[in-house]
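Visitor: One structure coming up, written as structure tokens, with questions to follow.
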Amino acid sequence: MARFWRPGSEKPDSSSSYPSAARDDDYSEGVPFAMPSSYQSGYMSIEKQRQSLPIYKQQNSLLYLVENTSTTIVIGETGSGKTTQIPQYLVKAGWADGNQLIACTQPRRIAVQTVAARVAEEMHVNLGLEVGYSIRFEEISTPGVTKIKYLTDGVLIREMMEDPLLTKYSVIMVDEAHERSVSTDMLLGLLKKIQRRRPELRLIIASATIQATSIAAFFDNSKQRQLVDKDKSLPSRKPAILSVEGRSHTVLIHYVEEPVDDYLRAAVSTTLLIHKMEPSGDILVFLTGQDDVDAALQLISDEAENGSEGIFVLPLYAGLPRSDQELVFSPAPRGKRKIIVSTNIAETSVTLEGIVYVVDTGFSKQRFYNPIADVEALVVAPISRASAQQRAGRAGRVRPGKCFRLYTEDFFMHEMQAEAVPEVRRSSLVSTILQLKALGIDNIMRFDWLASPPAETMVRALELLYAIGVLDSDAKLTSPLGLQIAELPLEPMVAKMLLASAALGCSNEVLTISASLSVQSIWVSGKGRLKEFDEARERFAAAEGDLITYLNVYEAFLASKKSAQWCHQNCINFQAMKQVLDIRAQLSRLLQRLGIPLKSSGKEIQAIQKAVASGFFVNASQLEVSAEGDLYKTVRGGLKISIHPSSVLFRATPKWVVFKSVMLTDRHYMREVTAIDPAWLTEIAPHFFQCRK
Ligand code: CDP
Ligand code: MG
């Protein structure tokens with residue numbers, strides 16, 4: 001059990017590190033608490049709720065700025081109403097009266113879906129009519145009717161391929177800009193370019209933290225003299241900044257005295273202790289990924305059976321099915337305390353009502369790119385101080401709250417970075433550069449970034465795109481392969497695999513694999529059914545690897561007549577399988593449009609393996625038996641890497657493999673692994689492998 005400094009103990013609590021934290025524990029047990037506002041939604045009408053949001057008072061200032069300046073930067077704490085209210089104000093002010101509409105982008109799909117649903121409810125319309133949304137493989141909107149469209153930044157970038165100046169939109173709001181995801185940063189660069197050609201386009205950039213000055217400087221076009229400036233009807237080209245006053249309550253911070261060994265167990269025991277000791281109020285627990293979340297859920301439920309009654313535990317992560325998303329946002333059953341166990345989605349992307357306690361493990365899953373070994377891995381790493389403050393802030397929405405940090409104060413002060421490094425500086429840029437190329441941006445080295453990525457990363461990405469045949473030696477998209485890969489809404493290497501499968505006569509099978517790779521996970525992980533899960537996976541396991549296993553699962557799913565019960569019995573995520581069906585159908589239409597025939601290889605697995613190798617040959621790795629055990633070495637960067645225990649090839653250790661992704665914990669692990677014959681490599685990519693022999 002993690003031990004915390006308690007207020008009143010000798011060591012002073014350093015709540016000063018959190019700006020609005022109180023020092024006194026001013027609401028002890030026995031004080032009657034107001035019910036969190038969501039519990040009262042029956043009493044407070046939606047209209048009242050809207051009017052009580054901090055942004056409401058700024059409505060006129062906001063509309064004035066949008067009218068008179070090209071770029072308005074809005075800063076306001078999470079929950080102040082930026083995402084849900086601003087687009088509605090714009091509609092009311094007439095910005096969607098013509099045949100143009102308002103776009104609002106989010107870095108996360110789940111935020112797009114939940115926010116669009118909420119706004120449709122506030123406007124008393126059915127989702128997909130006046131309010132719609134669009135995420136990859138899912139467009140819920142009605143042309144001519146939809147006035148507000150929520151979409152991921154990635155989808156808006158894709159829309160530029162058909163409509164380079166985004167003429168459909170009168171106002172584009174780029175939300176959650178503080179997250180600095182690769183696609184947000186890329187979108188900001190592209191929108192700056194569009195603004196030069198469309199000076200009447202209005203941009204709103206919304207952020208939960210105050211790093212607005214760099215964004216304002218980036219969008220400051222006021223010094224550029226252009227003829228259009230003479231047109232007095234155009235808005236000012238100097239960005240304006242609007243700060244929305246927060247209204248959050250104080251949050252008391254507790255740190256552990258000593259570093260904890262196992263943040264997951266510490267999070268669970270702390271949560272249960274809060275439930276036992278603290279008065280009513282929901283608890284939000286920050287963990288790193290779906291696997292963590294599921295494991296914690298299981299541990300909490302086990303405990304609950306042993307006597308912790310009165311709790312209602314829910315998960316929150318990116319791939320959560322729609323029905324479970326609704327539960328997270330609705331009040332707990334009467335008399336129960338809601339405990340939400342989340343990844344860092346709940347940090348700023350979605351607003352949860354009723355949270356009074358936050359348990360912060362101090363970690364999140366982050367992308368990390370190593371240009372020397374040329375691998376991008378997912379790593380569980382410490383968050384920044386800015387993130388820690390955001391997480392703590394989630395406790396102060398309805399009344400004063402408490403945040404329990406499972407790291408020491410010393411760690412917070414001296415080890416955590418002040419702010420996270422923007423994602424473009426720690427990601428592989430292969431997809432990004434392909435998209436820039438597809439948008440006709442030839443000199444990508446000179447693309448205007450808010451924070452420029454390392455030149456080395458860009459060079460590596462160009463090399464890779466050249467190796468897979470997407471770019472020619474002049475760094476232009478090749479025809480037809482490069483153009484086709486850019487057209488498909490898939491990661492470049494997956495797209496390459498799919499296109500290669502046509503010539504190998506197995507596009508029908510590889511289509512299924514590509515669709516399966518496009519959903520979060522087809523498995524229902526852990527949840528205390530580990531043994532059951534392993535047995536289920538064993539039933540579908542293919543000796544050729546994880547991608548062929550997906551194919552087996554899909555075929556068995558069809559044979560079960562798409563049965564939900566069958567999925568449950570086999571630890572397979574039914575929602576994910578329905579998505580696979582849907583994505584598969586969409587990809588099949590795209591292939592048809594590109595004139596690529598669907599062919600089936602039947603039982604001929606080797607053709608499929610070859611197609612996989614054609615996509616992922618740059619990730620080819622060779623087994624090296626050493627004292628440390630079975631390790632592989634990547635051909636590209638010479639990195640030592642193991643097969644992840646979740647792979648069906650974990651125990652088989654074939655001599656040569658290709659992998660799709662990498663996870664870094666105590667060592668590098670490859671995931672989604674396929675066995676290959678090395679003889680294919682020189683056949684598939686002679687230029688790439690000859691020089692590496
Ligand atoms: O974007 P920002 O964080 O500033 O706030 P918002 O997401 O627009 O949230 C404003 C209000 O809408 C909050 O009181 C939320 O609780 C509520 N909301 C909700 O009830 N359900 C959602 N799915 C999203 C927001
Ligand atoms: Mg928001």
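Just so we're on the same page: first chain in the structure tokens is A, next is B, and so on; residues restart at 1 for each chain, and ligands are numbered from 1 in the order they show up.
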Which polymer residues have any atom within 7 Å of an atom of segment 501-515 of chain A, counting only C-alpha atoms, with same-chain residues fewer than 5 positions away left out, as a list in words?
Guide: Val494, Leu547, Tyr550, Leu551, Val580, Ile583, Arg584, Ile596, Pro597, Leu598, Lys599, Ser600, Ser601, Ala607, Ile608 and Ala611 of chain A
Visitor: Taking 2 positions as the minimum chain separation for residues in the same chain, which residues sit within 12 Å of Ala93 of chain A when counting only C-alpha atoms? Answer as a list in words.
Guide: Gln59, Asn60, Leu62, Leu63, Tyr64, Val66, Glu67, Ile86, Pro87, Gln88, Tyr89, Leu90, Val91, Trp95, Ala96, Asp97, Gly98, Ile102 and Val171 of chain A
Visitor: List all protein, DNA and RNA residues that have an atom no more than 10 Å from any atom of ligand 2, counting only C-alpha atoms and all ligand atoms, and report them as an MDAnalysis selection string.
Guide: chainID A and resid 76:85 106 111:112 115 175:177 206:208 348:351
Visitor: Kindly export the residues of the current selection with N, CA and C atoms, as an mmCIF file, in the first residue's frame.
Guide:
```cif
data_model
loop_
_atom_site.group_PDB
_atom_site.id
_atom_site.type_symbol
_atom_site.label_atom_id
_atom_site.label_comp_id
_atom_site.auth_asym_id
_atom_site.auth_seq_id
_atom_site.Cartn_x
_atom_site.Cartn_y
_atom_site.Cartn_z
ATOM 1 N N GLY A 76 -8.838 27.867 -22.246
ATOM 2 C CA GLY A 76 -9.771 27.679 -21.139
ATOM 3 C C GLY A 76 -9.598 26.294 -20.581
ATOM 4 N N GLU A 77 -9.755 26.187 -19.289
ATOM 5 C CA GLU A 77 -9.579 24.896 -18.638
ATOM 6 C C GLU A 77 -10.541 23.848 -19.184
ATOM 7 N N THR A 78 -10.161 22.615 -19.017
ATOM 8 C CA THR A 78 -11.037 21.518 -19.403
ATOM 9 C C THR A 78 -12.374 21.661 -18.679
ATOM 10 N N GLY A 79 -13.441 21.516 -19.438
ATOM 11 C CA GLY A 79 -14.768 21.618 -18.836
ATOM 12 C C GLY A 79 -15.357 23.017 -18.910
ATOM 13 N N SER A 80 -14.628 23.974 -19.509
ATOM 14 C CA SER A 80 -15.190 25.330 -19.557
ATOM 15 C C SER A 80 -16.202 25.494 -20.694
ATOM 16 N N GLY A 81 -16.282 24.510 -21.572
ATOM 17 C CA GLY A 81 -17.324 24.557 -22.596
ATOM 18 C C GLY A 81 -16.809 24.857 -23.997
ATOM 19 N N LYS A 82 -15.506 24.817 -24.187
ATOM 20 C CA LYS A 82 -14.943 25.161 -25.495
ATOM 21 C C LYS A 82 -15.487 24.243 -26.590
ATOM 22 N N THR A 83 -15.310 22.953 -26.393
ATOM 23 C CA THR A 83 -15.614 22.003 -27.453
ATOM 24 C C THR A 83 -17.106 21.923 -27.774
ATOM 25 N N THR A 84 -17.918 21.860 -26.732
ATOM 26 C CA THR A 84 -19.345 21.667 -26.998
ATOM 27 C C THR A 84 -20.054 22.972 -27.360
ATOM 28 N N GLN A 85 -19.610 24.108 -26.804
ATOM 29 C CA GLN A 85 -20.391 25.336 -26.974
ATOM 30 C C GLN A 85 -19.988 26.176 -28.186
ATOM 31 N N GLN A 106 -10.493 17.018 -33.227
ATOM 32 C CA GLN A 106 -10.024 16.441 -31.970
ATOM 33 C C GLN A 106 -8.897 15.473 -32.285
ATOM 34 N N ALA A 111 -13.171 11.096 -28.397
ATOM 35 C CA ALA A 111 -13.648 12.443 -28.071
ATOM 36 C C ALA A 111 -14.592 12.926 -29.169
ATOM 37 N N VAL A 112 -14.251 12.641 -30.417
ATOM 38 C CA VAL A 112 -15.110 13.033 -31.536
ATOM 39 C C VAL A 112 -16.513 12.446 -31.357
ATOM 40 N N VAL A 115 -18.388 13.775 -27.973
ATOM 41 C CA VAL A 115 -18.745 15.188 -28.023
ATOM 42 C C VAL A 115 -19.859 15.436 -29.046
ATOM 43 N N ASP A 175 -9.088 21.843 -31.959
ATOM 44 C CA ASP A 175 -9.268 21.731 -30.516
ATOM 45 C C ASP A 175 -8.117 20.929 -29.900
ATOM 46 N N GLU A 176 -7.941 21.083 -28.603
ATOM 47 C CA GLU A 176 -6.920 20.319 -27.867
ATOM 48 C C GLU A 176 -5.531 20.566 -28.446
ATOM 49 N N ALA A 177 -5.276 21.810 -28.848
ATOM 50 C CA ALA A 177 -3.991 22.101 -29.491
ATOM 51 C C ALA A 177 -2.822 21.860 -28.540
ATOM 52 N N ALA A 206 -8.130 26.028 -29.982
ATOM 53 C CA ALA A 206 -8.493 25.933 -28.574
ATOM 54 C C ALA A 206 -7.480 25.084 -27.826
ATOM 55 N N SER A 207 -7.135 25.543 -26.638
ATOM 56 C CA SER A 207 -6.117 24.865 -25.850
ATOM 57 C C SER A 207 -6.472 24.932 -24.370
ATOM 58 N N ALA A 208 -6.084 23.911 -23.647
ATOM 59 C CA ALA A 208 -6.382 23.910 -22.212
ATOM 60 C C ALA A 208 -5.235 24.496 -21.406
ATOM 61 N N THR A 348 -7.577 15.553 -20.687
ATOM 62 C CA THR A 348 -8.254 16.768 -21.167
ATOM 63 C C THR A 348 -9.308 16.485 -22.234
ATOM 64 N N SER A 349 -9.217 15.339 -22.937
ATOM 65 C CA SER A 349 -10.068 15.130 -24.107
ATOM 66 C C SER A 349 -11.549 15.038 -23.789
ATOM 67 N N VAL A 350 -11.887 14.394 -22.691
ATOM 68 C CA VAL A 350 -13.303 14.239 -22.376
ATOM 69 C C VAL A 350 -13.555 14.775 -20.974
ATOM 70 N N THR A 351 -14.719 15.362 -20.792
ATOM 71 C CA THR A 351 -15.054 15.926 -19.491
ATOM 72 C C THR A 351 -15.958 14.965 -18.746
#
```
Visitor: What lies within 6 Å of segment 117-133 of chain A using only C-alpha atoms, ignoring chain neighbours under 4 positions off, as a list in words?
Guide: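 Once the nearby chain positions are removed, what remains is Thr84, Ile140, Ser141, Thr142, Val145, Thr146, Lys147, Ile148, Lys149, Tyr150 and Leu151 of chain A.
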Visitor: Do a neighbour search on Phe218 of chain A at 10 Å with only C-alpha atoms, toss out local chain neighbours closer than 2 positions, and write the hits as a tab-separated table (two decimals) with C-alpha atoms, in the first residue's frame.
Guide:
```tsv
chain	number	residue	atom	x	y	z
A	188	LEU	CA	-1.81	23.81	-38.10
A	189	GLY	CA	0.96	24.08	-40.70
A	192	LYS	CA	-1.62	28.43	-42.21
A	212	ALA	CA	-0.81	30.48	-26.72
A	213	THR	CA	1.94	32.94	-27.54
A	214	SER	CA	3.90	30.55	-29.72
A	215	ILE	CA	0.71	29.61	-31.58
A	216	ALA	CA	-0.20	33.30	-31.95
A	220	ASP	CA	0.68	36.10	-37.26
A	221	ASN	CA	0.37	37.04	-40.91
A	239	PRO	CA	-4.32	36.55	-34.12
A	448	ASP	CA	6.28	25.32	-41.84
A	449	TRP	CA	5.99	23.44	-38.54
A	450	LEU	CA	5.03	24.91	-35.20
A	451	ALA	CA	8.02	22.91	-33.91
```
Visitor: Residues at most 9 Å from segment 317-325 of chain A, counting only C-alpha atoms, excluding those fewer than 6 positions away in the same chain, as a list in words?
Guide: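 The neighbour list is Arg108, Arg109, Ile110, Ala111, Gln113, Thr114, Gly289, Gln290, Val293, Val341, Ser342, Thr343, Asn344, Ile345, Ala346, Val519, Gln520, Ser521, Gln575 and Ala576 of chain A.
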Visitor: Write out as a ChimeraX atom specification each polymer residue whose atoms come within 10 Å of Arg636 of chain A, counting only C-alpha atoms; drop sequence neighbours fewer than 3 positions from it.
Guide: /A:372-375,617-621,633,639,688-689,692
Visitor: Counting only C-alpha atoms and all ligand atoms, which of A:Ser134, A:Gln390, A:Ser233, A:Ser428 gets nearest to ligand 1?
Guide: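 Under the stated criterion, the closest residue is A:Gln390.
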Visitor: Calculate how many Å separate atom CA of Lys655 of chain A from atom CA of Glu491 of chain A, rounding to one decimal.
Guide: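 A separation of 26.3 Å between them.
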Visitor: For the alpha helix (DSSP H) assignment from backbone DSSP, which residues of segment 118-194 of chain A qualify? Please present them as number ranges by chain.
Guide: A: 118-122, 153-159, 182-194
Visitor: As a PyMOL selection string, please: the residues near segment 156-158 of chain A (cut-off 12 Å, only C-alpha atoms, same-chain neighbours under 5 positions excluded).
Guide: chain A and resi 102-107+133-137+139+149-151+163-169+172-174+182-191+194+431-432+434-436+438-439+486-490
Visitor: Emit the selected residues as a CSV table (one decimal), in the first residue's frame, including N, CA and C atoms.
Guide:
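In the end it all went to selection_16.csv:
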```
chain,number,residue,atom,x,y,z
A,102,ILE,N,-19.2,24.2,-40.1
A,102,ILE,CA,-18.2,24.4,-39.1
A,102,ILE,C,-17.6,23.1,-38.8
A,103,ALA,N,-16.2,23.1,-38.8
A,103,ALA,CA,-15.5,21.9,-38.4
A,103,ALA,C,-14.9,22.1,-37.0
A,104,CYS,N,-14.8,21.0,-36.2
A,104,CYS,CA,-14.1,21.1,-35.0
A,104,CYS,C,-13.3,19.8,-34.9
A,105,THR,N,-12.0,19.9,-34.8
A,105,THR,CA,-11.1,18.7,-34.8
A,105,THR,C,-10.7,18.3,-33.4
A,106,GLN,N,-10.5,17.0,-33.2
A,106,GLN,CA,-10.0,16.4,-32.0
A,106,GLN,C,-8.9,15.5,-32.3
A,107,PRO,N,-7.9,15.4,-31.4
A,107,PRO,CA,-6.9,14.3,-31.7
A,107,PRO,C,-7.4,12.9,-31.5
A,133,TYR,N,-20.4,13.6,-37.3
A,133,TYR,CA,-18.9,13.4,-37.0
A,133,TYR,C,-18.3,12.5,-38.1
A,134,SER,N,-17.0,12.6,-38.1
A,134,SER,CA,-16.2,11.8,-39.1
A,134,SER,C,-14.9,11.3,-38.4
A,135,ILE,N,-14.8,10.0,-38.4
A,135,ILE,CA,-13.5,9.5,-38.0
A,135,ILE,C,-13.1,8.5,-39.1
A,136,ARG,N,-11.9,8.0,-39.0
A,136,ARG,CA,-11.5,7.1,-40.1
A,136,ARG,C,-12.4,5.9,-40.2
A,137,PHE,N,-12.9,5.6,-41.3
A,137,PHE,CA,-13.8,4.5,-41.6
A,137,PHE,C,-15.2,4.7,-41.1
A,139,GLU,N,-18.2,7.8,-41.2
A,139,GLU,CA,-18.7,9.2,-41.4
A,139,GLU,C,-20.2,9.2,-41.1
A,149,LYS,N,-19.5,19.7,-37.8
A,149,LYS,CA,-18.9,18.4,-38.0
A,149,LYS,C,-17.7,18.3,-37.1
A,150,TYR,N,-17.8,17.3,-36.1
A,150,TYR,CA,-16.6,17.0,-35.3
A,150,TYR,C,-15.8,15.9,-36.0
A,151,LEU,N,-14.5,16.1,-36.1
A,151,LEU,CA,-13.7,15.1,-36.8
A,151,LEU,C,-12.3,15.0,-36.2
A,163,ASP,N,-10.3,18.3,-51.4
A,163,ASP,CA,-10.7,19.7,-51.4
A,163,ASP,C,-9.5,20.5,-50.7
A,164,PRO,N,-8.5,20.8,-51.5
A,164,PRO,CA,-7.2,21.3,-50.9
A,164,PRO,C,-7.4,22.5,-50.1
A,165,LEU,N,-8.4,23.3,-50.4
A,165,LEU,CA,-8.5,24.6,-49.6
A,165,LEU,C,-9.7,24.5,-48.5
A,166,LEU,N,-10.2,23.3,-48.4
A,166,LEU,CA,-11.2,23.0,-47.4
A,166,LEU,C,-12.4,24.0,-47.6
A,167,THR,N,-12.8,24.2,-48.8
A,167,THR,CA,-13.8,25.3,-49.0
A,167,THR,C,-15.2,25.0,-48.4
A,168,LYS,N,-15.4,23.7,-48.0
A,168,LYS,CA,-16.6,23.4,-47.4
A,168,LYS,C,-16.9,24.1,-46.1
A,169,TYR,N,-15.8,24.5,-45.5
A,169,TYR,CA,-15.9,25.1,-44.1
A,169,TYR,C,-15.7,26.6,-44.0
A,172,ILE,N,-12.9,26.7,-39.0
A,172,ILE,CA,-12.3,25.5,-38.5
A,172,ILE,C,-11.8,25.7,-37.2
A,173,MET,N,-12.3,24.9,-36.2
A,173,MET,CA,-11.7,24.9,-34.9
A,173,MET,C,-10.8,23.8,-34.6
A,174,VAL,N,-9.6,24.1,-34.3
A,174,VAL,CA,-8.6,23.0,-34.0
A,174,VAL,C,-8.5,22.9,-32.5
A,182,VAL,N,1.0,14.7,-33.6
A,182,VAL,CA,1.6,14.9,-34.9
A,182,VAL,C,0.6,15.5,-35.8
A,183,SER,N,-0.6,14.9,-35.8
A,183,SER,CA,-1.6,15.4,-36.8
A,183,SER,C,-2.1,16.8,-36.5
A,184,THR,N,-2.2,17.2,-35.2
A,184,THR,CA,-2.6,18.6,-34.9
A,184,THR,C,-1.5,19.5,-35.4
A,185,ASP,N,-0.3,19.2,-35.2
A,185,ASP,CA,0.8,20.1,-35.6
A,185,ASP,C,0.8,20.2,-37.1
A,186,MET,N,0.6,19.1,-37.8
A,186,MET,CA,0.7,19.1,-39.2
A,186,MET,C,-0.5,19.9,-39.8
A,187,LEU,N,-1.7,19.7,-39.1
A,187,LEU,CA,-2.9,20.4,-39.6
A,187,LEU,C,-2.7,22.0,-39.4
A,188,LEU,N,-2.0,22.4,-38.3
A,188,LEU,CA,-1.8,23.8,-38.1
A,188,LEU,C,-0.9,24.4,-39.2
A,189,GLY,N,0.1,23.6,-39.6
A,189,GLY,CA,1.0,24.1,-40.7
A,189,GLY,C,0.2,24.2,-42.0
A,190,LEU,N,-0.7,23.2,-42.3
A,190,LEU,CA,-1.4,23.2,-43.5
A,190,LEU,C,-2.5,24.3,-43.5
A,191,LEU,N,-3.1,24.6,-42.4
A,191,LEU,CA,-4.1,25.6,-42.3
A,191,LEU,C,-3.5,27.0,-42.5
A,194,ILE,N,-3.4,27.4,-46.1
A,194,ILE,CA,-4.7,27.6,-46.7
A,194,ILE,C,-5.1,29.0,-46.4
A,431,SER,N,4.2,8.2,-42.2
A,431,SER,CA,2.9,8.5,-42.7
A,431,SER,C,2.7,10.0,-43.0
A,432,THR,N,3.3,10.8,-42.1
A,432,THR,CA,3.1,12.3,-42.2
A,432,THR,C,3.7,12.8,-43.5
A,434,LEU,N,4.4,11.0,-46.2
A,434,LEU,CA,3.6,10.6,-47.4
A,434,LEU,C,2.4,11.5,-47.6
A,435,GLN,N,1.7,11.8,-46.5
A,435,GLN,CA,0.5,12.7,-46.7
A,435,GLN,C,0.9,14.1,-47.2
A,436,LEU,N,2.0,14.6,-46.7
A,436,LEU,CA,2.4,15.9,-47.2
A,436,LEU,C,2.7,15.8,-48.7
A,438,ALA,N,1.4,13.7,-50.8
A,438,ALA,CA,0.1,13.5,-51.5
A,438,ALA,C,-0.6,14.8,-51.6
A,439,LEU,N,-0.4,15.7,-50.7
A,439,LEU,CA,-1.0,17.0,-50.8
A,439,LEU,C,-0.3,18.0,-51.7
A,486,ALA,N,-1.1,6.4,-51.1
A,486,ALA,CA,-1.6,7.6,-50.5
A,486,ALA,C,-3.1,7.7,-50.4
A,487,GLU,N,-3.7,7.1,-51.4
A,487,GLU,CA,-5.2,7.1,-51.5
A,487,GLU,C,-5.8,6.2,-50.4
A,488,LEU,N,-5.2,5.1,-50.0
A,488,LEU,CA,-5.8,4.2,-49.1
A,488,LEU,C,-5.7,4.8,-47.6
A,489,PRO,N,-6.7,4.7,-46.9
A,489,PRO,CA,-6.7,5.3,-45.5
A,489,PRO,C,-6.0,4.3,-44.5
A,490,LEU,N,-4.8,3.8,-44.9
A,490,LEU,CA,-4.1,2.8,-44.1
A,490,LEU,C,-2.7,3.3,-43.9
```
Visitor: Counting only C-alpha atoms and all ligand atoms, figure out which residue out of A:Glu326, A:Asp302, A:Asp472, A:Glu179 gets nearest to ligand 1.
Guide: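 Once distances to ligand 1 are computed over only C-alpha atoms and all ligand atoms, the minimum belongs to A:Glu326.
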Visitor: Could you tell me, as number ranges by chain, which residues of segment 34-227 of chain A DSSP assigns to strand (DSSP E or B) when given the backbone?
Guide: A: 69, 71-76, 101-106, 131-135, 138-140, 148-152, 169-174, 202-207
Visitor: Take the residues just selected and output them with C-alpha atoms as a PDB file, in the first residue's frame.
Guide:
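Contents of selection.pdb, as written:
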```pdb
ATOM      1  CA  THR A  69      -9.760  38.300 -36.977  1.00  0.00           C
ATOM      2  CA  THR A  71      -7.276  33.368 -36.112  1.00  0.00           C
ATOM      3  CA  THR A  72      -8.694  33.318 -32.618  1.00  0.00           C
ATOM      4  CA  ILE A  73      -6.909  31.407 -29.909  1.00  0.00           C
ATOM      5  CA  VAL A  74      -9.123  30.303 -27.037  1.00  0.00           C
ATOM      6  CA  ILE A  75      -7.598  29.212 -23.777  1.00  0.00           C
ATOM      7  CA  GLY A  76      -9.771  27.679 -21.139  1.00  0.00           C
ATOM      8  CA  LEU A 101     -20.248  24.251 -42.293  1.00  0.00           C
ATOM      9  CA  ILE A 102     -18.212  24.409 -39.111  1.00  0.00           C
ATOM     10  CA  ALA A 103     -15.487  21.871 -38.394  1.00  0.00           C
ATOM     11  CA  CYS A 104     -14.125  21.050 -34.966  1.00  0.00           C
ATOM     12  CA  THR A 105     -11.143  18.716 -34.801  1.00  0.00           C
ATOM     13  CA  GLN A 106     -10.024  16.441 -31.970  1.00  0.00           C
ATOM     14  CA  VAL A 131     -24.494  17.648 -35.890  1.00  0.00           C
ATOM     15  CA  GLY A 132     -22.327  14.967 -37.409  1.00  0.00           C
ATOM     16  CA  TYR A 133     -18.935  13.423 -37.029  1.00  0.00           C
ATOM     17  CA  SER A 134     -16.246  11.770 -39.051  1.00  0.00           C
ATOM     18  CA  ILE A 135     -13.471   9.452 -37.965  1.00  0.00           C
ATOM     19  CA  GLU A 138     -16.900   6.130 -40.064  1.00  0.00           C
ATOM     20  CA  GLU A 139     -18.694   9.184 -41.432  1.00  0.00           C
ATOM     21  CA  ILE A 140     -21.984  10.131 -39.742  1.00  0.00           C
ATOM     22  CA  ILE A 148     -21.324  21.201 -37.233  1.00  0.00           C
ATOM     23  CA  LYS A 149     -18.933  18.385 -37.951  1.00  0.00           C
ATOM     24  CA  TYR A 150     -16.622  16.964 -35.304  1.00  0.00           C
ATOM     25  CA  LEU A 151     -13.725  15.066 -36.803  1.00  0.00           C
ATOM     26  CA  THR A 152     -10.224  13.876 -36.044  1.00  0.00           C
ATOM     27  CA  TYR A 169     -15.862  25.062 -44.094  1.00  0.00           C
ATOM     28  CA  SER A 170     -16.417  28.642 -43.003  1.00  0.00           C
ATOM     29  CA  VAL A 171     -14.784  28.147 -39.605  1.00  0.00           C
ATOM     30  CA  ILE A 172     -12.332  25.455 -38.545  1.00  0.00           C
ATOM     31  CA  MET A 173     -11.745  24.946 -34.863  1.00  0.00           C
ATOM     32  CA  VAL A 174      -8.594  23.013 -33.999  1.00  0.00           C
ATOM     33  CA  ARG A 202     -11.713  31.705 -39.805  1.00  0.00           C
ATOM     34  CA  LEU A 203      -9.600  29.561 -37.521  1.00  0.00           C
ATOM     35  CA  ILE A 204     -10.184  28.946 -33.847  1.00  0.00           C
ATOM     36  CA  ILE A 205      -7.437  27.214 -31.948  1.00  0.00           C
ATOM     37  CA  ALA A 206      -8.493  25.933 -28.574  1.00  0.00           C
ATOM     38  CA  SER A 207      -6.117  24.865 -25.850  1.00  0.00           C
TER      39      SER A 207
END
```
